[in-house]
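File shown: coords-v1.tsv. Contents: TSV, C-alpha atoms.
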chain	number	residue	atom	x	y	z
A	1	MET	CA	-5.42	28.28	7.40
A	2	THR	CA	-7.66	28.11	4.33
A	3	PRO	CA	-6.65	25.23	2.01
A	4	GLN	CA	-5.66	26.08	-1.54
A	5	HIS	CA	-7.23	24.04	-4.36
A	6	PRO	CA	-5.10	24.52	-7.49
A	7	GLN	CA	-6.79	23.66	-10.77
A	8	HIS	CA	-3.74	23.60	-13.05
A	9	LEU	CA	-0.05	22.80	-12.73
A	10	ASP	CA	0.68	26.49	-13.26
A	11	ASP	CA	-1.33	27.19	-10.09
A	12	VAL	CA	0.78	24.62	-8.25
A	13	LEU	CA	3.99	26.24	-9.48
A	14	SER	CA	2.77	29.62	-8.26
A	15	LEU	CA	2.00	28.23	-4.80
A	16	ILE	CA	5.45	26.65	-4.59
A	17	LYS	CA	7.21	29.85	-5.67
A	18	ASP	CA	5.19	31.91	-3.16
A	19	ALA	CA	6.13	29.48	-0.40
A	20	MET	CA	9.80	29.65	-1.40
A	21	ALA	CA	9.71	33.45	-1.31
A	22	ASP	CA	8.06	33.46	2.13
A	23	GLY	CA	10.16	30.66	3.61
A	24	ALA	CA	6.99	28.63	4.15
A	25	ALA	CA	6.13	24.96	3.70
A	26	LEU	CA	3.19	23.31	1.92
A	27	ALA	CA	1.16	20.40	3.31
A	28	ILE	CA	0.16	18.46	0.20
A	29	VAL	CA	-2.77	16.01	0.12
A	30	GLY	CA	-4.89	14.49	-2.62
A	31	HIS	CA	-8.28	13.80	-1.04
A	32	GLY	CA	-6.92	13.42	2.50
A	33	SER	CA	-7.86	9.73	2.77
A	34	LYS	CA	-4.40	8.72	4.04
A	35	SER	CA	-3.52	11.81	6.07
A	36	ASP	CA	-2.98	9.71	9.21
A	37	TRP	CA	-0.18	7.73	7.54
A	38	GLY	CA	3.13	9.28	8.55
A	39	TYR	CA	3.44	12.63	10.32
A	40	PRO	CA	1.33	15.76	9.97
A	41	VAL	CA	3.20	18.61	8.32
A	42	ALA	CA	3.37	21.29	11.01
A	43	GLU	CA	2.91	25.01	10.38
A	44	ALA	CA	2.39	24.56	6.66
A	45	ARG	CA	0.00	26.00	4.09
A	46	PRO	CA	-2.53	23.29	3.17
A	47	VAL	CA	-2.81	22.42	-0.52
A	48	VAL	CA	-5.53	20.00	-1.67
A	49	LEU	CA	-5.18	18.50	-5.16
A	50	ASP	CA	-8.77	17.33	-5.61
A	51	ARG	CA	-9.34	19.76	-8.52
A	52	LEU	CA	-6.43	18.39	-10.54
A	53	SER	CA	-8.96	15.83	-11.70
A	54	GLY	CA	-10.22	14.07	-14.79
A	55	VAL	CA	-9.39	11.48	-17.43
A	56	ILE	CA	-7.15	13.03	-20.11
A	57	ASP	CA	-6.76	10.06	-22.46
A	58	TYR	CA	-7.80	6.43	-22.32
A	59	GLN	CA	-6.80	3.94	-25.00
A	60	PRO	CA	-8.20	0.57	-23.88
A	61	GLU	CA	-6.83	-1.21	-26.93
A	62	GLU	CA	-3.30	-0.02	-25.98
A	63	LEU	CA	-3.82	-0.63	-22.24
A	64	ILE	CA	-2.90	2.98	-21.47
A	65	LEU	CA	-4.71	5.45	-19.21
A	66	THR	CA	-3.72	9.10	-18.67
A	67	VAL	CA	-5.38	10.96	-15.81
A	68	ARG	CA	-4.72	13.90	-13.52
A	69	ALA	CA	-3.29	13.13	-10.10
A	70	GLY	CA	-6.32	14.28	-8.11
A	71	THR	CA	-8.73	12.00	-9.96
A	72	ALA	CA	-10.77	9.92	-7.51
A	73	MET	CA	-10.17	6.18	-7.53
A	74	THR	CA	-13.94	5.70	-7.83
A	75	GLU	CA	-13.88	7.57	-11.15
A	76	ILE	CA	-10.90	5.61	-12.44
A	77	ASN	CA	-12.34	2.26	-11.44
A	78	LYS	CA	-15.64	3.14	-13.13
A	79	ALA	CA	-13.90	4.10	-16.39
A	80	LEU	CA	-11.83	0.92	-16.37
A	81	ALA	CA	-14.81	-1.29	-15.55
A	82	LYS	CA	-16.66	-0.05	-18.65
A	83	GLN	CA	-13.83	-1.49	-20.73
A	84	ASN	CA	-13.50	-4.62	-18.59
A	85	GLN	CA	-10.04	-3.52	-17.44
A	86	MET	CA	-8.29	-2.87	-14.12
A	87	LEU	CA	-5.13	-1.58	-12.47
A	88	GLY	CA	-2.95	-4.64	-12.16
A	89	PHE	CA	-1.42	-3.72	-8.80
A	90	GLU	CA	-4.87	-3.86	-7.16
A	91	PRO	CA	-4.72	-0.61	-5.15
A	92	PRO	CA	-6.25	-1.08	-1.70
A	93	ASP	CA	-9.04	1.07	-0.33
A	94	LEU	CA	-8.04	1.90	3.26
A	95	GLY	CA	-11.27	3.79	3.95
A	96	GLU	CA	-12.45	1.42	6.68
A	97	LEU	CA	-9.02	1.23	8.29
A	98	TYR	CA	-8.80	5.01	8.64
A	99	GLY	CA	-12.51	5.60	9.10
A	100	ALA	CA	-12.40	5.64	12.90
A	101	ASN	CA	-9.65	8.29	13.02
A	102	ASN	CA	-10.50	10.16	9.84
A	103	PRO	CA	-14.25	10.74	9.34
A	104	SER	CA	-13.59	12.33	5.94
A	105	SER	CA	-11.82	9.18	4.74
A	106	ASN	CA	-12.68	7.95	1.27
A	107	LYS	CA	-11.19	5.85	-1.48
A	108	GLY	CA	-8.71	8.61	-2.23
A	109	SER	CA	-7.03	9.72	-5.44
A	110	ILE	CA	-4.68	8.03	-7.88
A	111	GLY	CA	-1.99	10.55	-6.94
A	112	GLY	CA	-2.27	9.48	-3.31
A	113	VAL	CA	-2.06	5.82	-4.28
A	114	LEU	CA	1.15	6.43	-6.23
A	115	ALA	CA	2.62	8.79	-3.64
A	116	THR	CA	2.35	5.99	-1.08
A	117	ASN	CA	3.14	3.20	-3.58
A	118	LEU	CA	0.04	1.48	-2.22
A	119	SER	CA	-0.17	-2.01	-3.71
A	120	GLY	CA	-2.62	-4.81	-2.99
A	121	SER	CA	-2.59	-8.59	-2.89
A	122	ARG	CA	-1.71	-9.01	-6.58
A	123	ARG	CA	1.60	-7.29	-5.92
A	124	LEU	CA	2.98	-10.78	-5.24
A	125	THR	CA	2.85	-11.66	-8.94
A	126	ALA	CA	2.01	-8.48	-10.89
A	127	GLY	CA	4.30	-5.95	-9.22
A	128	ALA	CA	3.85	-2.76	-7.22
A	129	ALA	CA	2.16	0.52	-8.12
A	130	ARG	CA	5.50	1.97	-9.29
A	131	ASP	CA	5.76	-0.79	-11.89
A	132	PHE	CA	2.60	0.46	-13.64
A	133	LEU	CA	3.47	4.16	-13.75
A	134	LEU	CA	4.69	4.84	-17.30
A	135	GLY	CA	5.19	8.58	-17.02
A	136	PHE	CA	4.09	11.80	-15.35
A	137	GLU	CA	4.28	15.57	-15.38
A	138	ALA	CA	5.01	17.32	-12.10
A	139	ALA	CA	6.26	20.40	-10.28
A	140	SER	CA	9.39	20.05	-8.15
A	141	GLY	CA	10.07	21.85	-4.88
A	142	ARG	CA	12.25	24.21	-6.93
A	143	GLY	CA	9.13	25.54	-8.61
A	144	GLU	CA	10.10	23.87	-11.89
A	145	ARG	CA	7.92	21.85	-14.23
A	146	PHE	CA	9.36	18.51	-15.38
A	147	ARG	CA	8.34	15.30	-17.12
A	148	SER	CA	9.49	11.72	-16.78
A	149	GLY	CA	8.70	8.68	-18.92
A	150	GLY	CA	5.97	8.77	-21.51
A	151	LYS	CA	2.87	7.04	-22.81
A	152	VAL	CA	4.43	3.84	-24.12
A	153	VAL	CA	5.97	0.96	-22.19
A	154	LYS	CA	9.27	1.12	-24.11
A	155	ASN	CA	9.91	4.80	-23.33
A	156	VAL	CA	12.75	4.42	-20.84
A	157	THR	CA	15.09	7.19	-21.94
A	158	GLY	CA	16.81	8.99	-19.04
A	159	TYR	CA	16.33	8.46	-15.33
A	160	ASP	CA	13.38	6.32	-14.25
A	161	LEU	CA	11.94	8.89	-11.89
A	162	SER	CA	8.65	6.98	-11.68
A	163	LYS	CA	10.31	4.53	-9.31
A	164	LEU	CA	11.62	7.40	-7.17
A	165	ILE	CA	8.42	9.45	-6.96
A	166	CYS	CA	6.25	6.46	-6.02
A	167	GLY	CA	6.42	6.09	-2.27
A	168	SER	CA	7.84	9.59	-1.67
A	169	PHE	CA	4.63	10.84	0.06
A	170	GLY	CA	4.65	14.15	-1.80
A	171	THR	CA	8.05	15.17	-0.41
A	172	LEU	CA	9.81	15.49	-3.79
A	173	ALA	CA	7.25	16.77	-6.30
A	174	ILE	CA	3.56	17.40	-6.94
A	175	MET	CA	2.28	15.28	-9.80
A	176	ASP	CA	-0.42	16.37	-12.23
A	177	GLU	CA	-0.66	14.33	-15.45
A	178	ILE	CA	-0.12	10.60	-14.86
A	179	THR	CA	0.05	7.76	-17.41
A	180	LEU	CA	-0.59	4.21	-16.22
A	181	LYS	CA	-0.50	0.77	-17.74
A	182	THR	CA	-3.81	-1.07	-17.40
A	183	LEU	CA	-4.66	-4.78	-17.68
A	184	PRO	CA	-7.71	-6.74	-18.85
A	185	LYS	CA	-9.87	-8.04	-16.04
A	186	PRO	CA	-9.64	-11.83	-15.68
A	187	GLU	CA	-12.60	-13.71	-17.09
A	188	ALA	CA	-12.88	-15.83	-13.96
A	189	THR	CA	-11.62	-15.78	-10.38
A	190	LYS	CA	-11.60	-18.66	-7.98
A	191	SER	CA	-9.95	-19.11	-4.60
A	192	LEU	CA	-8.83	-22.29	-2.90
A	193	ILE	CA	-8.64	-22.63	0.86
A	194	PHE	CA	-6.48	-25.14	2.73
A	195	PRO	CA	-6.09	-25.77	6.47
A	196	ALA	CA	-2.63	-25.52	8.04
A	197	ASP	CA	-1.41	-26.41	11.53
A	198	ASP	CA	0.58	-23.21	12.03
A	199	LEU	CA	2.16	-20.27	10.22
A	200	ALA	CA	5.30	-22.19	9.27
A	201	ALA	CA	3.25	-25.02	7.75
A	202	ALA	CA	1.09	-22.47	5.90
A	203	GLY	CA	4.19	-20.81	4.44
A	204	LYS	CA	5.59	-24.13	3.24
A	205	HIS	CA	2.23	-25.02	1.69
A	206	ILE	CA	2.18	-21.74	-0.26
A	207	ALA	CA	5.79	-22.15	-1.35
A	208	ALA	CA	4.97	-25.60	-2.73
A	209	ILE	CA	1.96	-24.25	-4.63
A	210	LEU	CA	3.98	-21.35	-6.05
A	211	ALA	CA	6.52	-23.89	-7.32
A	212	THR	CA	3.86	-25.58	-9.47
A	213	PRO	CA	2.96	-24.35	-12.98
A	214	HIS	CA	-0.55	-23.36	-11.83
A	215	GLU	CA	0.23	-19.63	-11.43
A	216	PRO	CA	-1.68	-18.27	-8.42
A	217	SER	CA	-2.14	-14.49	-8.55
A	218	ALA	CA	-2.25	-14.03	-4.77
A	219	ALA	CA	-1.64	-16.01	-1.58
A	220	ALA	CA	-2.59	-15.11	2.00
A	221	ILE	CA	-2.63	-16.72	5.44
A	222	LEU	CA	-5.43	-16.13	7.95
A	223	PRO	CA	-5.19	-17.32	11.57
A	224	ALA	CA	-8.40	-18.92	12.85
A	225	ASP	CA	-9.75	-15.68	14.39
A	226	MET	CA	-9.21	-13.72	11.16
A	227	ALA	CA	-10.70	-16.55	9.09
A	228	ALA	CA	-13.80	-16.49	11.31
A	229	LYS	CA	-14.17	-12.73	10.76
A	230	ALA	CA	-14.05	-13.41	7.04
A	231	GLY	CA	-16.84	-15.98	7.41
A	232	TYR	CA	-14.79	-19.19	7.42
A	233	ASP	CA	-14.94	-21.12	10.67
A	234	MET	CA	-11.68	-23.02	10.89
A	235	ALA	CA	-10.10	-24.77	13.82
A	236	LYS	CA	-6.73	-24.22	12.17
A	237	MET	CA	-4.96	-21.58	10.15
A	238	LEU	CA	-6.36	-20.88	6.69
A	239	VAL	CA	-4.27	-20.69	3.51
A	240	VAL	CA	-6.00	-18.74	0.71
A	241	ILE	CA	-4.83	-19.13	-2.89
A	242	ARG	CA	-6.34	-17.08	-5.73
A	243	LEU	CA	-6.45	-18.21	-9.35
A	244	GLU	CA	-7.39	-15.86	-12.20
A	245	GLY	CA	-7.67	-16.05	-15.96
A	246	PHE	CA	-9.85	-17.74	-18.53
A	247	ALA	CA	-12.55	-19.88	-16.92
A	248	ILE	CA	-11.40	-23.14	-18.49
A	249	SER	CA	-7.84	-22.51	-17.27
A	250	VAL	CA	-8.90	-21.45	-13.77
A	251	ASN	CA	-11.07	-24.57	-13.36
A	252	ALA	CA	-8.32	-26.87	-14.59
A	253	ARG	CA	-5.68	-25.32	-12.33
A	254	ALA	CA	-8.02	-25.43	-9.33
A	255	ASP	CA	-8.75	-29.13	-9.93
A	256	ALA	CA	-5.05	-29.88	-10.27
A	257	LEU	CA	-4.15	-28.14	-6.99
A	258	LEU	CA	-7.00	-29.77	-5.10
A	259	ALA	CA	-5.82	-33.15	-6.38
A	260	LEU	CA	-2.25	-32.41	-5.32
A	261	TYR	CA	-3.06	-31.22	-1.81
A	262	ALA	CA	-5.67	-33.00	0.27
A	263	GLY	CA	-8.13	-31.18	2.51
A	264	GLY	CA	-8.65	-28.16	0.30
A	265	ASP	CA	-11.86	-26.58	-0.89
A	266	GLU	CA	-12.81	-23.96	-3.45
A	267	ILE	CA	-14.95	-20.84	-3.34
A	268	ASP	CA	-16.58	-19.25	-6.37
A	269	ASP	CA	-15.89	-15.97	-8.13
A	270	LYS	CA	-18.21	-13.78	-6.02
A	271	ALA	CA	-17.11	-15.19	-2.68
A	272	SER	CA	-13.49	-15.04	-3.80
A	273	GLN	CA	-13.71	-11.36	-4.67
A	274	SER	CA	-15.37	-10.56	-1.33
A	275	LEU	CA	-12.70	-12.42	0.62
A	276	TRP	CA	-9.81	-10.70	-1.17
A	277	GLN	CA	-11.37	-7.29	-0.62
A	278	LEU	CA	-11.32	-8.01	3.13
A	279	ILE	CA	-7.67	-9.04	2.90
A	280	THR	CA	-6.39	-6.34	0.54
A	281	ASN	CA	-8.29	-3.46	2.16
A	282	THR	CA	-7.22	-4.47	5.70
A	283	VAL	CA	-10.87	-4.62	6.75
A	284	LEU	CA	-10.11	-7.58	9.03
A	285	LEU	CA	-8.23	-5.26	11.42
A	286	ALA	CA	-10.28	-2.10	10.94
A	287	ASP	CA	-12.09	-2.54	14.29
A	288	SER	CA	-8.81	-2.63	16.23
A	289	GLN	CA	-8.37	-0.39	19.26
A	290	GLY	CA	-4.59	-0.69	18.96
A	291	ASP	CA	-1.99	0.41	16.42
A	292	ILE	CA	-1.90	-1.10	12.94
A	293	TRP	CA	1.55	-2.00	11.61
A	294	LYS	CA	2.50	-2.98	8.08
A	295	VAL	CA	5.58	-5.20	8.04
A	296	SER	CA	7.48	-6.25	4.93
A	297	CYS	CA	9.79	-9.17	5.66
A	298	PRO	CA	11.20	-12.37	4.15
A	299	ALA	CA	8.28	-14.80	3.97
A	300	THR	CA	10.37	-17.50	5.61
A	301	ALA	CA	10.99	-15.23	8.61
A	302	ALA	CA	7.31	-14.54	9.29
A	303	PRO	CA	6.79	-17.46	11.76
A	304	ALA	CA	9.77	-16.38	13.90
A	305	ILE	CA	8.64	-12.73	13.88
A	306	ILE	CA	5.13	-13.66	14.97
A	307	GLN	CA	6.44	-15.98	17.69
A	308	GLY	CA	8.76	-13.25	18.93
A	309	LEU	CA	5.82	-10.88	19.26
A	310	LYS	CA	3.71	-13.49	21.05
A	311	ASP	CA	6.53	-13.98	23.54
A	312	ILE	CA	6.56	-10.31	24.57
A	313	LEU	CA	2.80	-9.67	24.66
A	314	PRO	CA	0.90	-10.14	27.93
A	315	LYS	CA	-0.71	-13.56	28.26
A	316	ASP	CA	-4.20	-12.08	28.29
A	317	LEU	CA	-3.61	-10.17	25.04
A	318	PRO	CA	-3.60	-12.46	22.00
A	319	LEU	CA	-1.81	-11.21	18.90
A	320	ARG	CA	-4.14	-10.29	16.04
A	321	TYR	CA	-2.55	-10.47	12.61
A	322	TYR	CA	-2.69	-11.97	9.16
A	323	ALA	CA	-0.28	-12.36	6.25
A	324	ASP	CA	-0.48	-11.41	2.57
A	325	TRP	CA	2.05	-11.72	-0.27
A	326	ALA	CA	2.66	-15.40	0.61
A	327	GLY	CA	3.80	-14.35	4.10
A	328	GLY	CA	6.00	-11.46	2.99
A	329	LEU	CA	3.53	-8.83	4.24
A	330	LEU	CA	2.30	-8.95	7.83
A	331	TRP	CA	-0.58	-6.80	9.06
A	332	LEU	CA	-0.36	-6.49	12.85
A	333	ASP	CA	-2.56	-5.14	15.61
A	334	LEU	CA	-0.29	-4.11	18.51
A	335	PRO	CA	-1.05	-2.25	21.76
A	336	SER	CA	-0.78	1.51	21.38
A	337	GLN	CA	1.10	3.81	23.71
A	338	VAL	CA	-1.25	5.85	25.86
A	339	THR	CA	1.42	7.33	28.14
A	340	PRO	CA	5.18	7.76	27.60
A	341	ALA	CA	5.80	5.02	30.17
A	342	ASP	CA	3.90	2.35	28.20
A	343	VAL	CA	5.81	-0.47	26.54
A	344	ALA	CA	6.81	0.54	23.00
A	345	TYR	CA	5.76	-2.61	21.19
A	346	GLY	CA	6.70	-1.06	17.86
A	347	ALA	CA	10.32	-0.77	19.01
A	348	ARG	CA	10.25	-4.42	20.10
A	349	LEU	CA	8.79	-5.34	16.71
A	350	ARG	CA	11.63	-3.61	14.86
A	351	GLN	CA	14.24	-5.36	16.98
A	352	ILE	CA	12.63	-8.75	16.33
A	353	LEU	CA	12.54	-7.90	12.63
A	354	ALA	CA	16.24	-7.02	12.66
A	355	ASP	CA	17.02	-10.29	14.42
A	356	HIS	CA	15.35	-12.30	11.66
A	357	GLY	CA	16.68	-11.00	8.39
A	358	GLY	CA	15.50	-7.39	8.48
A	359	GLY	CA	12.61	-5.69	6.75
A	360	PHE	CA	10.41	-2.62	7.10
A	361	ALA	CA	7.85	-1.92	9.82
A	362	GLN	CA	5.56	1.06	9.21
A	363	LEU	CA	3.06	2.43	11.69
A	364	ILE	CA	0.04	2.72	9.39
A	365	ARG	CA	-2.52	3.80	11.97
A	366	ASP	CA	-1.63	5.27	15.35
A	367	SER	CA	-4.53	4.92	17.75
A	368	ASN	CA	-3.00	7.10	20.48
A	369	ILE	CA	0.47	8.67	20.87
A	370	THR	CA	2.84	5.99	19.58
A	371	ARG	CA	4.31	8.06	16.73
A	372	GLN	CA	5.31	10.75	19.22
A	373	TYR	CA	7.85	8.31	20.61
A	374	LEU	CA	8.59	5.98	17.70
A	375	PRO	CA	9.37	6.75	14.06
A	376	ALA	CA	6.29	6.06	11.96
A	377	PHE	CA	8.49	4.79	9.12
A	378	GLN	CA	11.28	2.26	9.40
A	379	PRO	CA	14.39	4.13	10.66
A	380	LEU	CA	17.07	4.46	8.00
A	381	ALA	CA	20.71	3.48	8.30
A	382	ASP	CA	23.09	6.45	8.19
A	383	ALA	CA	24.03	5.88	4.55
A	384	GLN	CA	20.39	5.58	3.50
A	385	PHE	CA	19.40	8.64	5.49
A	386	GLY	CA	22.17	10.64	3.85
A	387	LEU	CA	21.01	9.51	0.42
A	388	HIS	CA	17.42	10.50	1.20
A	389	LYS	CA	18.57	13.95	2.32
A	390	ARG	CA	20.57	14.47	-0.88
A	391	ILE	CA	17.62	13.45	-3.04
A	392	LYS	CA	15.33	15.78	-1.09
A	393	ALA	CA	17.84	18.63	-1.55
A	394	ALA	CA	18.00	17.98	-5.29
A	395	PHE	CA	14.23	18.14	-5.78
A	396	ASP	CA	13.24	20.47	-2.93
A	397	PRO	CA	16.25	22.37	-1.51
A	398	MET	CA	14.14	24.73	0.62
A	399	ARG	CA	12.01	21.89	2.08
A	400	VAL	CA	8.75	23.31	0.77
A	401	LEU	CA	6.93	20.05	0.01
A	402	ASN	CA	5.62	17.98	2.94
A	403	PRO	CA	8.75	18.40	5.12
A	404	GLY	CA	8.89	15.77	7.86
A	405	ARG	CA	5.99	13.75	6.48
A	406	MET	CA	8.10	10.59	6.34
A	407	HIS	CA	11.27	11.24	8.37
A	408	HIS	CA	12.22	14.16	10.60
A	409	ASP	CA	14.77	16.53	8.98
A	410	ILE	CA	13.77	15.41	5.45
Can you dump the structure from the file as structure tokens?
Amino acid sequence: MTPQHPQHLDDVLSLIKDAMADGAALAIVGHGSKSDWGYPVAEARPVVLDRLSGVIDYQPEELILTVRAGTAMTEINKALAKQNQMLGFEPPDLGELYGANNPSSNKGSIGGVLATNLSGSRRLTAGAARDFLLGFEAASGRGERFRSGGKVVKNVTGYDLSKLICGSFGTLAIMDEITLKTLPKPEATKSLIFPADDLAAAGKHIAAILATPHEPSAAAILPADMAAKAGYDMAKMLVVIRLEGFAISVNARADALLALYAGGDEIDDKASQSLWQLITNTVLLADSQGDIWKVSCPATAAPAIIQGLKDILPKDLPLRYYADWAGGLLWLDLPSQVTPADVAYGARLRQILADHGGGFAQLIRDSNITRQYLPAFQPLADAQFGLHKRIKAAFDPMRVLNPGRMHHDI
């Protein structure tokens, strides 16, 4: 079926109304860079939003950027860089992760970033993508135009639909005009690296550092094999702490932390940025032949979750993983199902997660047939599932927009 490329929100509304009249569904994508995340929308009319593109208004002095949803991240990053600014939630570029399965993969669009609530390493201290979305204009699955929020931080009248739309994977509405809060780029960046005996010790080390007044902006944990891939040969686990801000402050905080904790070392701005790109963009696992899982969990539970996975994996198959968000985000490489009879390691993972405080395990990249037998997204409790269905019915009663992209029957 030939994809439609609407150029205006009125075009989008027309496509939705036509689909409603015909009892059809629409498969909505931005640039298609994250199409392998979740489920394909079956028997749907493809709609590509790449022509809903361009910067509408940028006020660097007010830290406000208004763009259209299909605007490429490369264009946004270029505009921000000219003003020495950035998006504070550090949106990852998953191009390398999806490159093997999706040859057309690219850095994607801002609409795709927000639709997936895709947030990078700075999410630990700055917040998620949804926290930077000030307002938007969109078309609902009812074929109705609506707005939420505005162009100033204090505009909070009415329901905060920005929090709802972010992470909805295009199942509730199609966004066009988007207003974001921007931040100045830090003058200097420096990372500190510390050895740790194991994941539990690494987590305690990070917790102690976060309790100091030295304000790290990000904290990650790399096992020895992942550290070696990043260019740091370590016999032990590697704790990575990032400091950002004015140069004099960054240097003083780095010196203070190195004095507090023996055995650490520092890497300069350029090396620091390269290392965090590997971590944030999941490049360290991009060469995996297995499935890639994204697990959000209590940071204190991470060691038990990893040990539980090691206990169920074959002895000749070492677990490849690393942790971001101070241990609260685990990126895992698990064996993929090739036949229905294969062990469903994703199901085991979710049970281990439930046994240690709960969390969310998403199948980010399926290398074979795993998502045919396991939900790609964390299964919802009955009450949550019912709430999701009611929200879907309110925005899209005829299930026109990306039905089944996240959960079957929604």
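Counting only C-alpha atoms and comparing A:Ala138, A:Leu97, A:Leu63, A:Ile178, the residue that lies closest to A:Ile364 is A:Leu97.
Across the model, the gap from atom CA of A:Leu124 to atom CA of A:Ala381 is 26.5 Å.
Distance annotation: of A:Asn251, A:Ser168, A:Gln337, A:Gln59, the residue with the minimal separation from A:Gln85 is A:Gln59; atom set is all atoms listed in the file.
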Residue with the minimum atom-to-atom distance to A:Lys392, picked from A:Thr171, A:Leu317, A:Asn84, A:Gln273 with all atoms listed in the file counted, is A:Thr171
Sel. within 12 Å of pt (14.9, 11.3, -14.4), counting all atoms listed in the file, output as a PDB file with C-alpha atoms, in the coordinates of the input:
ATOM      1  CA  GLY A 135       5.190   8.580 -17.020  1.00  0.00           C
ATOM      2  CA  PHE A 136       4.090  11.800 -15.350  1.00  0.00           C
ATOM      3  CA  GLU A 137       4.280  15.570 -15.380  1.00  0.00           C
ATOM      4  CA  ALA A 138       5.010  17.320 -12.100  1.00  0.00           C
ATOM      5  CA  PHE A 146       9.360  18.510 -15.380  1.00  0.00           C
ATOM      6  CA  ARG A 147       8.340  15.300 -17.120  1.00  0.00           C
ATOM      7  CA  SER A 148       9.490  11.720 -16.780  1.00  0.00           C
ATOM      8  CA  GLY A 149       8.700   8.680 -18.920  1.00  0.00           C
ATOM      9  CA  GLY A 150       5.970   8.770 -21.510  1.00  0.00           C
ATOM     10  CA  VAL A 156      12.750   4.420 -20.840  1.00  0.00           C
ATOM     11  CA  THR A 157      15.090   7.190 -21.940  1.00  0.00           C
ATOM     12  CA  GLY A 158      16.810   8.990 -19.040  1.00  0.00           C
ATOM     13  CA  TYR A 159      16.330   8.460 -15.330  1.00  0.00           C
ATOM     14  CA  ASP A 160      13.380   6.320 -14.250  1.00  0.00           C
ATOM     15  CA  LEU A 161      11.940   8.890 -11.890  1.00  0.00           C
ATOM     16  CA  SER A 162       8.650   6.980 -11.680  1.00  0.00           C
ATOM     17  CA  LYS A 163      10.310   4.530  -9.310  1.00  0.00           C
ATOM     18  CA  LEU A 164      11.620   7.400  -7.170  1.00  0.00           C
ATOM     19  CA  ILE A 165       8.420   9.450  -6.960  1.00  0.00           C
ATOM     20  CA  ILE A 391      17.620  13.450  -3.040  1.00  0.00           C
ATOM     21  CA  ALA A 394      18.000  17.980  -5.290  1.00  0.00           C
ATOM     22  CA  PHE A 395      14.230  18.140  -5.780  1.00  0.00           C
TER      23      PHE A 395
END
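Closest approach to A:Gln378 from the set A:Gly328, A:Gly346, A:Pro40, A:Gly264 is made by A:Gly346, with distances taken over all atoms listed in the file.
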Can you put N, CA and C atoms back into stretch 61-73 of chain A and show it as a JSON list (two decimals), in the coordinates of the input?
[["chain", "number", "residue", "atom", "x", "y", "z"],
["A", 61, "GLU", "N", -7.48, -0.24, -26.06],
["A", 61, "GLU", "CA", -6.83, -1.21, -26.93],
["A", 61, "GLU", "C", -5.31, -1.23, -26.75],
["A", 62, "GLU", "N", -4.75, -0.12, -26.23],
["A", 62, "GLU", "CA", -3.30, -0.02, -25.98],
["A", 62, "GLU", "C", -2.97, -0.24, -24.51],
["A", 63, "LEU", "N", -4.00, -0.44, -23.69],
["A", 63, "LEU", "CA", -3.82, -0.63, -22.24],
["A", 63, "LEU", "C", -3.10, 0.56, -21.60],
["A", 64, "ILE", "N", -3.53, 1.76, -21.98],
["A", 64, "ILE", "CA", -2.90, 2.98, -21.47],
["A", 64, "ILE", "C", -3.97, 3.96, -21.00],
["A", 65, "LEU", "N", -3.78, 4.48, -19.80],
["A", 65, "LEU", "CA", -4.71, 5.45, -19.21],
["A", 65, "LEU", "C", -3.92, 6.66, -18.73],
["A", 66, "THR", "N", -4.33, 7.86, -19.14],
["A", 66, "THR", "CA", -3.72, 9.10, -18.67],
["A", 66, "THR", "C", -4.76, 9.91, -17.92],
["A", 67, "VAL", "N", -4.45, 10.22, -16.67],
["A", 67, "VAL", "CA", -5.38, 10.96, -15.81],
["A", 67, "VAL", "C", -4.60, 12.03, -15.06],
["A", 68, "ARG", "N", -5.34, 12.92, -14.40],
["A", 68, "ARG", "CA", -4.72, 13.90, -13.52],
["A", 68, "ARG", "C", -4.62, 13.32, -12.11],
["A", 69, "ALA", "N", -3.64, 13.77, -11.37],
["A", 69, "ALA", "CA", -3.29, 13.13, -10.10],
["A", 69, "ALA", "C", -4.41, 13.15, -9.07],
["A", 70, "GLY", "N", -5.26, 14.19, -9.10],
["A", 70, "GLY", "CA", -6.32, 14.28, -8.11],
["A", 70, "GLY", "C", -7.58, 13.51, -8.46],
["A", 71, "THR", "N", -7.55, 12.75, -9.54],
["A", 71, "THR", "CA", -8.73, 12.00, -9.96],
["A", 71, "THR", "C", -9.07, 10.93, -8.93],
["A", 72, "ALA", "N", -10.34, 10.88, -8.53],
["A", 72, "ALA", "CA", -10.77, 9.92, -7.51],
["A", 72, "ALA", "C", -10.64, 8.50, -8.03],
["A", 73, "MET", "N", -10.27, 7.58, -7.15],
["A", 73, "MET", "CA", -10.17, 6.18, -7.53],
["A", 73, "MET", "C", -11.52, 5.63, -7.97]]
